[in-house]
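Everything on this sheet refers to the single structure shown next.
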Amino acid sequence: MMDCNAYRRSMMADPRDADPRLSEHRESCHDCNLFTEGLLRFESRLDRALHVAAPADNVLPLRAKAARLPNRRGWLAMAASVLMAVVVAGVLWVAGPGSSLAADVVTHMGGEPDAWHTHAPVLDSELEAVLRNTHLRLTAGAGPVSYAASCEFRGHHVPHLVIQTESGPVTVMVLVHENVPKPVRFEEGGYRGVIVPVAGHGSLAVLTRGSSTDIKVVEAIAARVEASITWTGA
Amino acid sequence: MNDQVGGNQKRARFQALCQSLRPDLLRFAFWLSRDRALAEDVVQETMLRAWKAQDTLADEAAAKPWFLTIIRREYARTFERKRFVTVDVDELVAREEPMLAAAEEEELAEMRAALFKLPDEYREPLVLQVLMGLSTAEIARELDLSAAAVLTRLFRARKQLRVLCGEDTRLDPEK
C-alpha cells in the first residue's frame with residue numbers, strides 16, 4: 001500500500017499519472033484527497049498561465065527556398081507574403097482533404113465502430129469515471145451520452161463519447177492536448193465534422209457519420225457540447 | 001503532373017501541420033527563452049529548418065517532439081551566438097511585463113512571474129509536460145535524462161512554484 005508521502009510526491013511530479021495505485025490511495029485517504037483537489041486547482045492555473053498569447057497568423061514558409069530572415073525586421077519585409085501564406089494556409093486548412101489531426105480522429109473512429117450502435121444512456125458513474133482524468137464534467141445540456149470510453153489517442157488518454165442529438169448520434173472527442181488555432185471543418189472517410197479550439201483546454205472534435213447533417217448543425221452541436229462542459233481542474 | 005500534385009498536397013499538409021503546432025511552439029520557445037522577440041526568431045528559424053528537412057519526418061504523429069528538438073537546438077545556437085552571461089530575472093520580468101500582465105486574472109500574472117523565476121532545469125521539463133503534453137518518457141528522451149531524473153525535476157519545479165505563488169503547502173511532501 002502506497003503511503004501519503006509517496007502519493008503526494010508522485011502527484012506533484014505528474015498530476016495526470018493514471019497509476020491505479022494512486023487512485024486507490026486517494027480514495028482511501030481524506031488528506032490526500034484534499035491535497036489532490038488543491039494540486040489540481042493549482043495545475044489548472046499553471047496550465048492557463050503557460051498559455052500566453054501566441055497568434056497563429058505568422059509567416060509560414062510557402063517554398064523550400066523561402067528567404068532566410070536575418071532578424072526581426074525581416075518580418076516586416078515579409079508582410080505581403082505573410083498575408084498570402086495565411087490566406088493560402090487558411091484555405092487549405094479548411095478545404096483540403098483533412099488536417100493530420102482530423103485524419104487521426106477519423107482513423108480512430110474506424111477502431112470503434114460499435115460505439116455508434118448503442119443508444120441507452122451510460123451510467124453517470126461510468127461517464128464520470130471517463131471524464132475524471134481530463135478534469136471535466138458534462139451537464140445534461142449536452143444531451144444523452146450513449147457511449148463513453150477513455151481512448152488512447154496520440155499518446156494520451158482522451159474521452160471518447162457518443163451523444164444522442166436531434167440529428168442522430170454524434171461522436172465527441174475531448175482533445176485537451178491538441179490545439180488548433182481556429183475551427184477546422186473536415187469531411188473524409190465517411191464522416192463530417194469540426195474540430196474547435198477550447199481556450200486553455202485544447203480542442204473538441206465533433207463528428208457525424210455520412211454527409212446528411214449540415215456542417216452548421218455540427219458546429220452548433222459542438223458549441224452546445226462545449227457550453228455543457230465544466231472544467232473541474234480550476 | 002501527378003508528382004507535382006502529390007508534392008503540392010504534401011506541402012499543403014506540412015504547412016497545415018506547422019500552422020496547427022506553431023502557437024504551442026511559440027509558447028514553448030517563450031518559456032524556454034523568457035523573451036518573446038527571441039522566441040519568435042527561434043520559431044521562425046525552426047520553421048525554415050523544418051521546411052527544408054520535412055522529408056525526414058516519417059510520421060506526422062511524431063511531429064511535436066521533432067519540432068521541439070529543432071527548437072531546442074536552434075535556441076542553443078542563438079544562446080551561444082549571443083553569449084548571455086547572467087540573467088537578471090527582475091529585468092526579464094520587467095521587459096516582458098506587457099505580456100505577463102496581459103493575463104486577465106491577477107493570479108495568472110503572479111504564476112507567470114513565478115515561472116520566470118524557476119531555474120531552467122526545472123522550468124523546461126514542466127513546460128514540456130504541462131504545455132506540450134509530453135509524457136515522462138518523452139521528456140526524458142528530449143532532455144537526455146533518466147525518467148527518474150525527470151520526475152525529480154518536475155516534483156521540485158512544482159514545489160518551488162507553489163512556494164513562489166504563496167500556495168498553502170502544509171500538505172505538500174517534504175522531499
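Letters A, B, ... mark the chains of the C-alpha cells in the order given; residue numbers begin at 1 per chain; ligand numbers begin at 1, in order shown.
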
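Within 6 Å of chain A, and using only C-alpha atoms, the residues found on chain B are Ser20, Pro23, Lys52, Leu108, Arg112, Gly133, Leu151, Leu154, Phe155 and Pro173 of chain B.
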
Atoms to include: N, CA and C atoms. Write the selected residues as a PDB file, in the first residue's frame.
ATOM      1  N   SER B  20      -0.807  24.395 -37.265  1.00  0.00           N
ATOM      2  CA  SER B  20      -1.506  23.917 -36.062  1.00  0.00           C
ATOM      3  C   SER B  20      -0.572  23.862 -34.859  1.00  0.00           C
ATOM      4  N   PRO B  23       1.411  27.875 -32.561  1.00  0.00           N
ATOM      5  CA  PRO B  23       1.147  28.599 -31.305  1.00  0.00           C
ATOM      6  C   PRO B  23       1.819  27.961 -30.092  1.00  0.00           C
ATOM      7  N   LYS B  52      12.806  22.713 -44.695  1.00  0.00           N
ATOM      8  CA  LYS B  52      13.852  22.123 -45.543  1.00  0.00           C
ATOM      9  C   LYS B  52      14.027  20.632 -45.254  1.00  0.00           C
ATOM     10  N   LEU B 108      -2.915  34.691 -12.559  1.00  0.00           N
ATOM     11  CA  LEU B 108      -2.154  34.155 -13.692  1.00  0.00           C
ATOM     12  C   LEU B 108      -0.866  34.949 -13.889  1.00  0.00           C
ATOM     13  N   ARG B 112       2.860  33.486 -13.775  1.00  0.00           N
ATOM     14  CA  ARG B 112       3.831  33.684 -14.856  1.00  0.00           C
ATOM     15  C   ARG B 112       5.142  34.283 -14.321  1.00  0.00           C
ATOM     16  N   GLY B 133       2.285  18.603 -23.366  1.00  0.00           N
ATOM     17  CA  GLY B 133       1.606  17.314 -23.190  1.00  0.00           C
ATOM     18  C   GLY B 133       2.507  16.101 -23.351  1.00  0.00           C
ATOM     19  N   LEU B 151      11.250  13.050 -13.257  1.00  0.00           N
ATOM     20  CA  LEU B 151      10.214  13.124 -12.213  1.00  0.00           C
ATOM     21  C   LEU B 151      10.705  13.947 -11.019  1.00  0.00           C
ATOM     22  N   LEU B 154      10.476  17.555 -12.036  1.00  0.00           N
ATOM     23  CA  LEU B 154       9.081  18.008 -12.087  1.00  0.00           C
ATOM     24  C   LEU B 154       8.543  18.232 -10.676  1.00  0.00           C
ATOM     25  N   PHE B 155       8.894  17.336  -9.785  1.00  0.00           N
ATOM     26  CA  PHE B 155       8.468  17.483  -8.393  1.00  0.00           C
ATOM     27  C   PHE B 155       9.032  18.780  -7.804  1.00  0.00           C
ATOM     28  N   PRO B 173       4.499  17.164   0.277  1.00  0.00           N
ATOM     29  CA  PRO B 173       5.535  16.279   0.809  1.00  0.00           C
ATOM     30  C   PRO B 173       6.831  17.054   1.016  1.00  0.00           C
TER      31      PRO B 173
END

Exercise for review: Please run DSSP on the backbone and report, as a PyMOL selection string, all residues within chain B that come out as helix (DSSP H, G or I).
Suggested key: chain B and resi 2-33+36-52+54-56+60-82+89-95+97-100+106-117+120-130+136-143+147-164

Review point. Quick one: residues within 12 Å of Ala137 (chain B), only C-alpha atoms counted, chain neighbours fewer than 6 positions away excluded, as a ChimeraX atom specification?
Key: /A:14,155 /B:65,125,128-129,143-151

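Picture a line from CA of Pro119 (chain B) to CA of Arg156 (chain B); it runs 10.2 Å.
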
Point to revise | Two-atom distance - CA of Thr232 (chain A), CA of Leu40 (chain A) (Å) | key: 8.4 Å

Point to revise | Distance in Å - CA of Pro197 (chain A) versus CA of Trp116 (chain A) | key: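 Atom-to-atom, CA of Pro197 (chain A) to CA of Trp116 (chain A), that is 24.2 Å.
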
Point to revise | Residues within 12 Å of Leu131 (chain A), only C-alpha atoms, excluding chain neighbours under 2 positions, as a ChimeraX atom specification | key: /A:124-129,133-139,148-151,157-161,173-176,229-233

Let's have the selection written as a PDB file, in the first residue's frame, with N, CA and C atoms.
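File produced: selection.pdb:
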ATOM      1  N   ASP A 124     -24.199   7.374 -14.959  1.00  0.00           N
ATOM      2  CA  ASP A 124     -23.490   8.613 -14.575  1.00  0.00           C
ATOM      3  C   ASP A 124     -22.094   8.306 -14.037  1.00  0.00           C
ATOM      4  N   SER A 125     -22.021   7.241 -13.242  1.00  0.00           N
ATOM      5  CA  SER A 125     -20.726   6.901 -12.626  1.00  0.00           C
ATOM      6  C   SER A 125     -19.709   6.507 -13.706  1.00  0.00           C
ATOM      7  N   GLU A 126     -20.215   5.837 -14.737  1.00  0.00           N
ATOM      8  CA  GLU A 126     -19.341   5.421 -15.837  1.00  0.00           C
ATOM      9  C   GLU A 126     -18.806   6.650 -16.594  1.00  0.00           C
ATOM     10  N   LEU A 127     -19.722   7.591 -16.839  1.00  0.00           N
ATOM     11  CA  LEU A 127     -19.337   8.818 -17.536  1.00  0.00           C
ATOM     12  C   LEU A 127     -18.345   9.624 -16.699  1.00  0.00           C
ATOM     13  N   GLU A 128     -18.637   9.734 -15.419  1.00  0.00           N
ATOM     14  CA  GLU A 128     -17.749  10.500 -14.534  1.00  0.00           C
ATOM     15  C   GLU A 128     -16.355   9.880 -14.511  1.00  0.00           C
ATOM     16  N   ALA A 129     -16.319   8.556 -14.499  1.00  0.00           N
ATOM     17  CA  ALA A 129     -15.012   7.873 -14.454  1.00  0.00           C
ATOM     18  C   ALA A 129     -14.203   8.187 -15.704  1.00  0.00           C
ATOM     19  N   ASN A 133     -10.254  11.942 -15.373  1.00  0.00           N
ATOM     20  CA  ASN A 133      -8.829  12.187 -15.632  1.00  0.00           C
ATOM     21  C   ASN A 133      -8.588  13.418 -16.493  1.00  0.00           C
ATOM     22  N   THR A 134      -9.605  13.834 -17.221  1.00  0.00           N
ATOM     23  CA  THR A 134      -9.468  15.039 -18.053  1.00  0.00           C
ATOM     24  C   THR A 134      -9.963  16.260 -17.286  1.00  0.00           C
ATOM     25  N   HIS A 135     -10.394  16.034 -16.057  1.00  0.00           N
ATOM     26  CA  HIS A 135     -10.827  17.124 -15.178  1.00  0.00           C
ATOM     27  C   HIS A 135     -11.989  17.925 -15.759  1.00  0.00           C
ATOM     28  N   LEU A 136     -13.016  17.187 -16.144  1.00  0.00           N
ATOM     29  CA  LEU A 136     -14.197  17.901 -16.613  1.00  0.00           C
ATOM     30  C   LEU A 136     -15.461  17.140 -16.241  1.00  0.00           C
ATOM     31  N   ARG A 137     -16.554  17.872 -16.238  1.00  0.00           N
ATOM     32  CA  ARG A 137     -17.875  17.264 -16.073  1.00  0.00           C
ATOM     33  C   ARG A 137     -18.730  17.739 -17.235  1.00  0.00           C
ATOM     34  N   LEU A 138     -19.739  16.920 -17.562  1.00  0.00           N
ATOM     35  CA  LEU A 138     -20.629  17.273 -18.661  1.00  0.00           C
ATOM     36  C   LEU A 138     -22.026  17.425 -18.082  1.00  0.00           C
ATOM     37  N   THR A 139     -22.655  18.572 -18.320  1.00  0.00           N
ATOM     38  CA  THR A 139     -24.005  18.756 -17.813  1.00  0.00           C
ATOM     39  C   THR A 139     -25.002  18.139 -18.794  1.00  0.00           C
ATOM     40  N   ALA A 148     -19.278   5.995 -23.648  1.00  0.00           N
ATOM     41  CA  ALA A 148     -18.202   6.764 -23.002  1.00  0.00           C
ATOM     42  C   ALA A 148     -17.019   5.838 -22.781  1.00  0.00           C
ATOM     43  N   ALA A 149     -15.886   6.228 -23.325  1.00  0.00           N
ATOM     44  CA  ALA A 149     -14.680   5.427 -23.139  1.00  0.00           C
ATOM     45  C   ALA A 149     -13.476   6.363 -23.075  1.00  0.00           C
ATOM     46  N   SER A 150     -12.470   5.914 -22.374  1.00  0.00           N
ATOM     47  CA  SER A 150     -11.218   6.652 -22.336  1.00  0.00           C
ATOM     48  C   SER A 150     -10.288   5.981 -23.342  1.00  0.00           C
ATOM     49  N   CYS A 151      -9.954   6.706 -24.402  1.00  0.00           N
ATOM     50  CA  CYS A 151      -9.229   6.083 -25.508  1.00  0.00           C
ATOM     51  C   CYS A 151      -7.813   6.630 -25.638  1.00  0.00           C
ATOM     52  N   HIS A 157      -4.640   9.588 -23.054  1.00  0.00           N
ATOM     53  CA  HIS A 157      -5.972   9.036 -22.892  1.00  0.00           C
ATOM     54  C   HIS A 157      -6.983  10.178 -22.982  1.00  0.00           C
ATOM     55  N   VAL A 158      -7.916  10.056 -23.895  1.00  0.00           N
ATOM     56  CA  VAL A 158      -8.883  11.144 -24.087  1.00  0.00           C
ATOM     57  C   VAL A 158     -10.305  10.578 -24.017  1.00  0.00           C
ATOM     58  N   PRO A 159     -11.251  11.400 -23.527  1.00  0.00           N
ATOM     59  CA  PRO A 159     -12.636  10.934 -23.518  1.00  0.00           C
ATOM     60  C   PRO A 159     -13.205  10.829 -24.932  1.00  0.00           C
ATOM     61  N   HIS A 160     -13.820   9.692 -25.211  1.00  0.00           N
ATOM     62  CA  HIS A 160     -14.491   9.459 -26.496  1.00  0.00           C
ATOM     63  C   HIS A 160     -15.956   9.180 -26.153  1.00  0.00           C
ATOM     64  N   LEU A 161     -16.829  10.087 -26.561  1.00  0.00           N
ATOM     65  CA  LEU A 161     -18.239   9.971 -26.204  1.00  0.00           C
ATOM     66  C   LEU A 161     -19.092   9.888 -27.463  1.00  0.00           C
ATOM     67  N   MET A 173     -14.864  13.925 -29.140  1.00  0.00           N
ATOM     68  CA  MET A 173     -13.583  13.596 -28.520  1.00  0.00           C
ATOM     69  C   MET A 173     -13.020  14.860 -27.885  1.00  0.00           C
ATOM     70  N   VAL A 174     -12.678  14.753 -26.601  1.00  0.00           N
ATOM     71  CA  VAL A 174     -12.149  15.914 -25.876  1.00  0.00           C
ATOM     72  C   VAL A 174     -10.626  15.834 -25.948  1.00  0.00           C
ATOM     73  N   LEU A 175     -10.046  16.753 -26.709  1.00  0.00           N
ATOM     74  CA  LEU A 175      -8.613  16.661 -27.035  1.00  0.00           C
ATOM     75  C   LEU A 175      -7.839  17.772 -26.322  1.00  0.00           C
ATOM     76  N   VAL A 176      -7.668  17.608 -25.032  1.00  0.00           N
ATOM     77  CA  VAL A 176      -7.028  18.697 -24.269  1.00  0.00           C
ATOM     78  C   VAL A 176      -5.567  18.907 -24.655  1.00  0.00           C
ATOM     79  N   ILE A 229     -19.670  21.782 -20.864  1.00  0.00           N
ATOM     80  CA  ILE A 229     -18.504  21.269 -20.133  1.00  0.00           C
ATOM     81  C   ILE A 229     -18.172  22.187 -18.959  1.00  0.00           C
ATOM     82  N   THR A 230     -17.969  21.586 -17.818  1.00  0.00           N
ATOM     83  CA  THR A 230     -17.448  22.317 -16.662  1.00  0.00           C
ATOM     84  C   THR A 230     -16.069  21.752 -16.372  1.00  0.00           C
ATOM     85  N   TRP A 231     -15.073  22.594 -16.416  1.00  0.00           N
ATOM     86  CA  TRP A 231     -13.692  22.142 -16.137  1.00  0.00           C
ATOM     87  C   TRP A 231     -13.508  22.118 -14.641  1.00  0.00           C
ATOM     88  N   THR A 232     -13.175  20.977 -14.135  1.00  0.00           N
ATOM     89  CA  THR A 232     -13.117  20.814 -12.682  1.00  0.00           C
ATOM     90  C   THR A 232     -11.728  21.017 -12.118  1.00  0.00           C
ATOM     91  N   GLY A 233     -10.748  21.171 -13.012  1.00  0.00           N
ATOM     92  CA  GLY A 233      -9.382  21.370 -12.523  1.00  0.00           C
ATOM     93  C   GLY A 233      -9.199  22.748 -11.914  1.00  0.00           C
TER      94      GLY A 233
END

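Between Val206 (chain A) and the residues A:Ala102, A:Ala222, A:Ala18, A:Met2, the shortest atom-to-atom distance, using only C-alpha atoms, involves A:Ala222.
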
Point to revise | Selected residue of minimal separation from Arg209 (chain A) among A:His117, A:His30, A:Arg224, A:Arg41, counting only C-alpha atoms | key: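 Closest to Arg209 (chain A) of all the choices is A:His117.
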